[in-house]
>>> print(open('work33.pdb').read())   # PDB, C-alpha atoms, pLDDT in the B column
ATOM      1  CA  MET A1165      11.708  24.581  71.948  1.00 42.00           C
ATOM      2  CA  HIS A1166      10.578  28.148  72.008  1.00 43.00           C
ATOM      3  CA  LEU A1167      12.205  30.458  74.458  1.00 47.00           C
ATOM      4  CA  ARG A1168      10.670  33.600  75.890  1.00 49.00           C
ATOM      5  CA  ASN A1169      13.121  35.678  77.895  1.00 51.00           C
ATOM      6  CA  GLY A1170      15.273  32.607  78.536  1.00 52.00           C
ATOM      7  CA  GLN A1171      12.298  30.539  79.689  1.00 52.00           C
ATOM      8  CA  LEU A1172      10.610  27.600  78.035  1.00 56.00           C
ATOM      9  CA  ILE A1173       7.081  28.410  76.987  1.00 64.00           C
ATOM     10  CA  PRO A1174       4.578  26.470  79.102  1.00 73.00           C
ATOM     11  CA  ILE A1175       3.604  24.028  76.356  1.00 71.00           C
ATOM     12  CA  CYS A1176       7.196  22.771  76.255  1.00 80.00           C
ATOM     13  CA  ARG A1177       6.892  21.558  79.830  1.00 88.00           C
ATOM     14  CA  ALA A1178       4.481  18.939  78.474  1.00 91.00           C
ATOM     15  CA  VAL A1179       7.402  17.454  76.542  1.00 92.00           C
ATOM     16  CA  LEU A1180       9.439  17.159  79.751  1.00 94.00           C
ATOM     17  CA  LEU A1181       6.507  15.477  81.498  1.00 96.00           C
ATOM     18  CA  LEU A1182       6.105  13.023  78.611  1.00 95.00           C
ATOM     19  CA  LEU A1183       9.814  12.185  78.611  1.00 95.00           C
ATOM     20  CA  LEU A1184       9.748  11.494  82.339  1.00 97.00           C
ATOM     21  CA  ARG A1185       6.602   9.403  81.899  1.00 97.00           C
ATOM     22  CA  THR A1186       8.216   7.231  79.233  1.00 96.00           C
ATOM     23  CA  LYS A1187      11.621   6.991  80.935  1.00 95.00           C
ATOM     24  CA  GLY A1188      10.471   6.624  84.527  1.00 94.00           C
ATOM     25  CA  GLN A1189      13.340   8.782  85.728  1.00 96.00           C
ATOM     26  CA  SER A1190      16.100  10.679  84.017  1.00 96.00           C
ATOM     27  CA  TYR A1191      18.951  13.132  84.434  1.00 94.00           C
ATOM     28  CA  GLY A1192      18.522  16.669  83.147  1.00 92.00           C
ATOM     29  CA  TYR A1193      21.199  16.312  80.472  1.00 91.00           C
ATOM     30  CA  GLU A1194      19.470  13.168  79.146  1.00 93.00           C
ATOM     31  CA  LEU A1195      16.187  15.061  78.959  1.00 93.00           C
ATOM     32  CA  ALA A1196      17.939  17.890  77.103  1.00 89.00           C
ATOM     33  CA  SER A1197      19.254  15.452  74.505  1.00 88.00           C
ATOM     34  CA  ASP A1198      15.827  13.797  74.089  1.00 89.00           C
ATOM     35  CA  VAL A1199      13.747  16.966  73.842  1.00 85.00           C
ATOM     36  CA  PRO A1200      14.440  17.467  70.093  1.00 80.00           C
ATOM     37  CA  LYS A1201      12.667  14.153  69.360  1.00 82.00           C
ATOM     38  CA  TYR A1202       9.424  15.765  70.501  1.00 78.00           C
ATOM     39  CA  ALA A1203      10.248  19.332  69.579  1.00 66.00           C
ATOM     40  CA  LEU A1204       7.280  21.504  68.831  1.00 66.00           C
ATOM     41  CA  THR A1205       9.609  23.784  66.884  1.00 64.00           C
ATOM     42  CA  ASP A1206      13.126  23.719  65.498  1.00 66.00           C
ATOM     43  CA  ALA A1207      14.361  26.502  67.788  1.00 69.00           C
ATOM     44  CA  GLU A1208      17.341  25.686  69.973  1.00 73.00           C
ATOM     45  CA  ILE A1209      16.779  25.078  73.658  1.00 74.00           C
ATOM     46  CA  GLU A1210      18.998  26.622  76.284  1.00 79.00           C
ATOM     47  CA  VAL A1211      19.968  23.974  78.802  1.00 82.00           C
ATOM     48  CA  SER A1212      19.673  26.515  81.603  1.00 84.00           C
ATOM     49  CA  ALA A1213      16.031  27.144  80.585  1.00 83.00           C
ATOM     50  CA  LEU A1214      15.380  23.396  80.713  1.00 88.00           C
ATOM     51  CA  TYR A1215      16.739  23.183  84.269  1.00 91.00           C
ATOM     52  CA  ARG A1216      14.667  26.223  85.307  1.00 89.00           C
ATOM     53  CA  ALA A1217      11.568  24.498  83.864  1.00 90.00           C
ATOM     54  CA  LEU A1218      12.403  21.309  85.789  1.00 94.00           C
ATOM     55  CA  ARG A1219      12.779  23.313  89.013  1.00 95.00           C
ATOM     56  CA  GLN A1220       9.438  25.004  88.374  1.00 93.00           C
ATOM     57  CA  LEU A1221       7.784  21.628  87.712  1.00 96.00           C
ATOM     58  CA  GLU A1222       9.289  20.417  90.981  1.00 97.00           C
ATOM     59  CA  GLN A1223       7.979  23.468  92.860  1.00 97.00           C
ATOM     60  CA  ASN A1224       4.529  22.690  91.420  1.00 96.00           C
ATOM     61  CA  ASP A1225       4.800  19.085  92.676  1.00 98.00           C
ATOM     62  CA  CYS A1226       4.809  17.644  89.134  1.00 97.00           C
ATOM     63  CA  VAL A1227       8.378  16.337  89.379  1.00 98.00           C
ATOM     64  CA  THR A1228      10.640  15.144  92.166  1.00 98.00           C
ATOM     65  CA  SER A1229      14.395  15.053  92.132  1.00 97.00           C
ATOM     66  CA  LYS A1230      17.139  13.531  94.199  1.00 96.00           C
ATOM     67  CA  TRP A1231      20.891  13.638  94.075  1.00 95.00           C
ATOM     68  CA  ASP A1232      22.487  10.541  92.581  1.00 91.00           C
ATOM     69  CA  VAL A1233      25.903  10.255  94.223  1.00 88.00           C
ATOM     70  CA  GLU A1234      26.677   6.721  93.060  1.00 87.00           C
ATOM     71  CA  GLY A1235      29.362   6.204  90.469  1.00 80.00           C
ATOM     72  CA  SER A1236      32.710   7.813  89.953  1.00 83.00           C
ATOM     73  CA  GLY A1237      31.554  11.160  88.551  1.00 85.00           C
ATOM     74  CA  PRO A1238      30.054  14.164  90.240  1.00 89.00           C
ATOM     75  CA  ALA A1239      26.633  14.015  91.891  1.00 90.00           C
ATOM     76  CA  ARG A1240      23.786  14.358  89.402  1.00 92.00           C
ATOM     77  CA  ARG A1241      20.142  15.213  89.872  1.00 94.00           C
ATOM     78  CA  LEU A1242      17.737  12.427  88.939  1.00 96.00           C
ATOM     79  CA  TYR A1243      14.196  13.524  88.023  1.00 97.00           C
ATOM     80  CA  ALA A1244      10.966  11.530  88.220  1.00 98.00           C
ATOM     81  CA  LEU A1245       7.298  12.248  87.558  1.00 97.00           C
ATOM     82  CA  THR A1246       4.873  12.553  90.487  1.00 98.00           C
ATOM     83  CA  ALA A1247       1.179  11.677  90.569  1.00 98.00           C
ATOM     84  CA  ARG A1248       0.457  15.393  90.099  1.00 98.00           C
ATOM     85  CA  GLY A1249       2.805  15.376  87.095  1.00 97.00           C
ATOM     86  CA  GLU A1250       0.887  12.433  85.609  1.00 97.00           C
ATOM     87  CA  GLN A1251      -2.349  14.375  86.038  1.00 97.00           C
ATOM     88  CA  HIS A1252      -0.786  17.493  84.516  1.00 96.00           C
ATOM     89  CA  LEU A1253       0.434  15.455  81.528  1.00 96.00           C
ATOM     90  CA  GLU A1254      -3.098  14.108  81.021  1.00 97.00           C
ATOM     91  CA  GLU A1255      -4.384  17.685  81.055  1.00 95.00           C
ATOM     92  CA  TRP A1256      -1.798  18.671  78.436  1.00 93.00           C
ATOM     93  CA  VAL A1257      -2.771  15.715  76.236  1.00 94.00           C
ATOM     94  CA  THR A1258      -6.397  16.853  76.333  1.00 95.00           C
ATOM     95  CA  VAL A1259      -5.541  20.505  75.631  1.00 92.00           C
ATOM     96  CA  LEU A1260      -3.091  19.653  72.851  1.00 89.00           C
ATOM     97  CA  GLY A1261      -5.596  17.228  71.318  1.00 93.00           C
ATOM     98  CA  HIS A1262      -8.174  20.028  71.118  1.00 94.00           C
ATOM     99  CA  MET A1263      -5.547  22.415  69.726  1.00 90.00           C
ATOM    100  CA  SER A1264      -4.514  19.850  67.127  1.00 90.00           C
ATOM    101  CA  LYS A1265      -8.105  19.472  65.916  1.00 95.00           C
ATOM    102  CA  SER A1266      -8.543  23.250  65.808  1.00 94.00           C
ATOM    103  CA  MET A1267      -5.274  23.715  63.925  1.00 91.00           C
ATOM    104  CA  THR A1268      -6.175  21.007  61.428  1.00 94.00           C
ATOM    105  CA  ARG A1269      -9.565  22.631  60.857  1.00 95.00           C
ATOM    106  CA  PHE A1270      -7.936  26.056  60.467  1.00 94.00           C
ATOM    107  CA  VAL A1271      -5.335  24.811  57.984  1.00 92.00           C
ATOM    108  CA  SER A1272      -7.902  22.900  55.909  1.00 93.00           C
ATOM    109  CA  GLN A1273     -10.086  26.019  55.691  1.00 92.00           C
ATOM    110  CA  ALA A1274      -7.278  28.524  55.185  1.00 91.00           C
ATOM    111  CA  LYS A1275      -5.149  26.563  52.723  1.00 89.00           C
ATOM    112  CA  PRO A1276      -7.505  26.895  49.726  1.00 88.00           C
ATOM    113  CA  THR A1277      -7.748  30.636  50.277  1.00 88.00           C
ATOM    114  CA  VAL A1278      -4.004  31.221  50.217  1.00 85.00           C
ATOM    115  CA  LYS A1279      -2.875  28.490  47.856  1.00 68.00           C
ATOM    116  CA  HIS A1280      -3.707  30.327  44.629  1.00 64.00           C
ATOM    117  CA  ARG A1281      -3.064  33.881  45.737  1.00 59.00           C
ATOM    118  CA  LYS A1282      -0.119  35.670  44.281  1.00 65.00           C
ATOM    119  CA  PRO A1283       2.117  37.368  46.832  1.00 65.00           C
ATOM    120  CA  ARG A1284       1.533  41.080  47.171  1.00 68.00           C
ATOM    121  CA  PRO A1285       4.432  43.218  46.017  1.00 71.00           C
ATOM    122  CA  SER A1286       6.411  44.670  48.881  1.00 68.00           C
ATOM    123  CA  ALA A1287       6.875  48.414  49.338  1.00 64.00           C
ATOM    124  CA  LYS A1288      10.474  47.994  48.195  1.00 63.00           C
ATOM    125  CA  SER A1289       9.500  46.300  44.925  1.00 58.00           C
ATOM    126  CA  LYS A1290       6.835  48.964  44.291  1.00 60.00           C
ATOM    127  CA  ALA A1291       9.439  51.704  44.720  1.00 61.00           C
ATOM    128  CA  ALA A1292      11.790  49.946  42.273  1.00 60.00           C
ATOM    129  CA  ALA A1293       9.033  49.776  39.641  1.00 55.00           C
TER     130      ALA A1293
END
>>> encode(input="work33.pdb", output="structure tokens")
Amino acid sequence: MHLRNGQLIPICRAVLLLLLRTKGQSYGYELASDVPKYALTDAEIEVSALYRALRQLEQNDCVTSKWDVEGSGPARRLYALTARGEQHLEEWVTVLGHMSKSMTRFVSQAKPTVKHRKPRPSAKSKAAA
């Protein structure tokens, strides 16, 4: 996931919403381990950024959380998707679908123009010549 000043970029929140949709509910550390399956990039994710994103989704009424105190370990926060979160995920699916079509169109048009071009010599290689 991309980070910008220690924050997940907004599009990465869609991945969290999807994970909660498919899982029903989940702990933050489980979400952190599942995020790479849907990664939109190969950049590392800071766990603290993931928890900040979850808190922001909760403040926006897209996610709820409760403390799970059952079991022998420490209390853990259990996250679940809200109706607003479902709606927000649907919005992301629509937006990302449009972006995907636009990106595919861009790549199909741009690829032939760059495929056969030779790379331009850098300033360093020009100086060496």
>>> atom_distance(input="work33.pdb", atom1="CA of Tyr1243 (chain A)", atom2="CA of Pro1174 (chain A)")
18.4 Å
>>> residues_around(input="work33.pdb", residues="Trp1231 (chain A)", least_positions_apart="2", cutoff="9 Å", atoms="all atoms listed in the file", output="ChimeraX atom specification")
/A:1229,1233,1239-1242
>>> atom_distance(input="work33.pdb", atom1="CA of Gln1189 (chain A)", atom2="CA of Ala1244 (chain A)")
4.4 Å
>>> resolve_selection(input="work33.pdb", expression="the PyMOL selection byres ((chain A and resi 1193-1201) around 12)", output="number ranges by chain")
A: 1165-1166, 1172, 1176-1192, 1202-1215, 1217-1218, 1240-1244
>>> atom_distance(input="work33.pdb", atom1="CA of Trp1256 (chain A)", atom2="CA of Asp1232 (chain A)")
29.3 Å
>>> axis_aligned_box(input="work33.pdb", around="region 1208-1213 of chain A", padding_each_side="5 Å", output="JSON")
{"center_x": 18.0, "center_y": 25.6, "center_z": 75.8, "size_x": 13.9, "size_y": 13.2, "size_z": 21.6}
>>> decode(input="work33.pdb", residues="region 1200-1229 of chain A", atoms="N, CA, C and O atoms", output="tab-separated table (two decimals), in the first residue's frame")
chain	number	residue	atom	x	y	z
A	1200	PRO	N	-1.87	-7.50	1.72
A	1200	PRO	CA	-1.02	-7.76	0.54
A	1200	PRO	C	-1.71	-8.59	-0.56
A	1200	PRO	O	-1.33	-8.49	-1.72
A	1201	LYS	N	-2.72	-9.37	-0.22
A	1201	LYS	CA	-3.43	-10.15	-1.23
A	1201	LYS	C	-4.13	-9.25	-2.24
A	1201	LYS	O	-4.37	-9.65	-3.37
A	1202	TYR	N	-4.51	-8.06	-1.81
A	1202	TYR	CA	-5.23	-7.12	-2.65
A	1202	TYR	C	-4.41	-5.87	-2.92
A	1202	TYR	O	-4.96	-4.86	-3.34
A	1203	ALA	N	-3.13	-5.94	-2.65
A	1203	ALA	CA	-2.29	-4.75	-2.73
A	1203	ALA	C	-2.37	-4.10	-4.11
A	1203	ALA	O	-2.36	-4.77	-5.13
A	1204	LEU	N	-2.48	-2.82	-4.09
A	1204	LEU	CA	-2.50	-2.05	-5.32
A	1204	LEU	C	-1.09	-1.64	-5.71
A	1204	LEU	O	-0.88	-1.00	-6.73
A	1205	THR	N	-0.13	-2.00	-4.89
A	1205	THR	CA	1.27	-1.72	-5.11
A	1205	THR	C	2.08	-2.70	-4.26
A	1205	THR	O	1.52	-3.39	-3.41
A	1206	ASP	N	3.37	-2.75	-4.47
A	1206	ASP	CA	4.20	-3.64	-3.67
A	1206	ASP	C	4.88	-2.91	-2.51
A	1206	ASP	O	5.70	-3.48	-1.82
A	1207	ALA	N	4.52	-1.67	-2.28
A	1207	ALA	CA	5.08	-0.92	-1.16
A	1207	ALA	C	4.64	-1.53	0.17
A	1207	ALA	O	3.55	-2.07	0.28
A	1208	GLU	N	5.50	-1.45	1.15
A	1208	GLU	CA	5.18	-1.95	2.48
A	1208	GLU	C	4.15	-1.05	3.16
A	1208	GLU	O	4.10	0.14	2.92
A	1209	ILE	N	3.34	-1.66	3.99
A	1209	ILE	CA	2.35	-0.90	4.75
A	1209	ILE	C	2.80	-0.83	6.20
A	1209	ILE	O	3.25	-1.82	6.77
A	1210	GLU	N	2.70	0.34	6.76
A	1210	GLU	CA	2.98	0.51	8.18
A	1210	GLU	C	1.72	0.13	8.94
A	1210	GLU	O	0.63	0.63	8.63
A	1211	VAL	N	1.85	-0.73	9.91
A	1211	VAL	CA	0.68	-1.18	10.66
A	1211	VAL	C	0.01	0.00	11.36
A	1211	VAL	O	-1.22	0.08	11.41
A	1212	SER	N	0.81	0.94	11.83
A	1212	SER	CA	0.21	2.11	12.49
A	1212	SER	C	-0.66	2.90	11.51
A	1212	SER	O	-1.71	3.43	11.90
A	1213	ALA	N	-0.27	2.98	10.24
A	1213	ALA	CA	-1.08	3.67	9.23
A	1213	ALA	C	-2.39	2.93	9.00
A	1213	ALA	O	-3.44	3.54	8.80
A	1214	LEU	N	-2.33	1.60	9.03
A	1214	LEU	CA	-3.54	0.80	8.86
A	1214	LEU	C	-4.53	1.07	10.00
A	1214	LEU	O	-5.71	1.27	9.75
A	1215	TYR	N	-4.03	1.12	11.23
A	1215	TYR	CA	-4.92	1.40	12.37
A	1215	TYR	C	-5.48	2.82	12.32
A	1215	TYR	O	-6.63	3.05	12.66
A	1216	ARG	N	-4.66	3.78	11.85
A	1216	ARG	CA	-5.18	5.15	11.69
A	1216	ARG	C	-6.30	5.16	10.65
A	1216	ARG	O	-7.31	5.85	10.81
A	1217	ALA	N	-6.11	4.41	9.54
A	1217	ALA	CA	-7.14	4.35	8.50
A	1217	ALA	C	-8.41	3.72	9.05
A	1217	ALA	O	-9.52	4.18	8.75
A	1218	LEU	N	-8.28	2.67	9.85
A	1218	LEU	CA	-9.45	2.03	10.45
A	1218	LEU	C	-10.18	3.00	11.38
A	1218	LEU	O	-11.41	3.07	11.37
A	1219	ARG	N	-9.43	3.77	12.16
A	1219	ARG	CA	-10.06	4.77	13.04
A	1219	ARG	C	-10.79	5.83	12.23
A	1219	ARG	O	-11.89	6.24	12.59
A	1220	GLN	N	-10.17	6.25	11.11
A	1220	GLN	CA	-10.82	7.25	10.27
A	1220	GLN	C	-12.09	6.68	9.63
A	1220	GLN	O	-13.11	7.36	9.57
A	1221	LEU	N	-12.03	5.43	9.18
A	1221	LEU	CA	-13.23	4.78	8.64
A	1221	LEU	C	-14.32	4.68	9.71
A	1221	LEU	O	-15.50	4.85	9.42
A	1222	GLU	N	-13.91	4.44	10.94
A	1222	GLU	CA	-14.88	4.38	12.04
A	1222	GLU	C	-15.48	5.75	12.31
A	1222	GLU	O	-16.69	5.88	12.52
A	1223	GLN	N	-14.66	6.80	12.28
A	1223	GLN	CA	-15.16	8.15	12.49
A	1223	GLN	C	-16.13	8.56	11.39
A	1223	GLN	O	-17.05	9.35	11.63
A	1224	ASN	N	-15.95	8.00	10.20
A	1224	ASN	CA	-16.83	8.29	9.06
A	1224	ASN	C	-18.01	7.33	8.99
A	1224	ASN	O	-18.72	7.30	7.98
A	1225	ASP	N	-18.20	6.53	10.04
A	1225	ASP	CA	-19.32	5.60	10.14
A	1225	ASP	C	-19.31	4.51	9.06
A	1225	ASP	O	-20.35	4.00	8.68
A	1226	CYS	N	-18.12	4.16	8.57
A	1226	CYS	CA	-18.00	3.07	7.59
A	1226	CYS	C	-17.66	1.75	8.28
A	1226	CYS	O	-17.87	0.68	7.70
A	1227	VAL	N	-17.13	1.84	9.48
A	1227	VAL	CA	-16.66	0.68	10.24
A	1227	VAL	C	-17.06	0.88	11.70
A	1227	VAL	O	-17.09	2.00	12.19
A	1228	THR	N	-17.38	-0.21	12.36
A	1228	THR	CA	-17.55	-0.18	13.81
A	1228	THR	C	-16.49	-1.07	14.42
A	1228	THR	O	-15.92	-1.94	13.76
A	1229	SER	N	-16.23	-0.84	15.69
A	1229	SER	CA	-15.29	-1.71	16.39
A	1229	SER	C	-15.77	-1.91	17.82
A	1229	SER	O	-16.52	-1.09	18.36
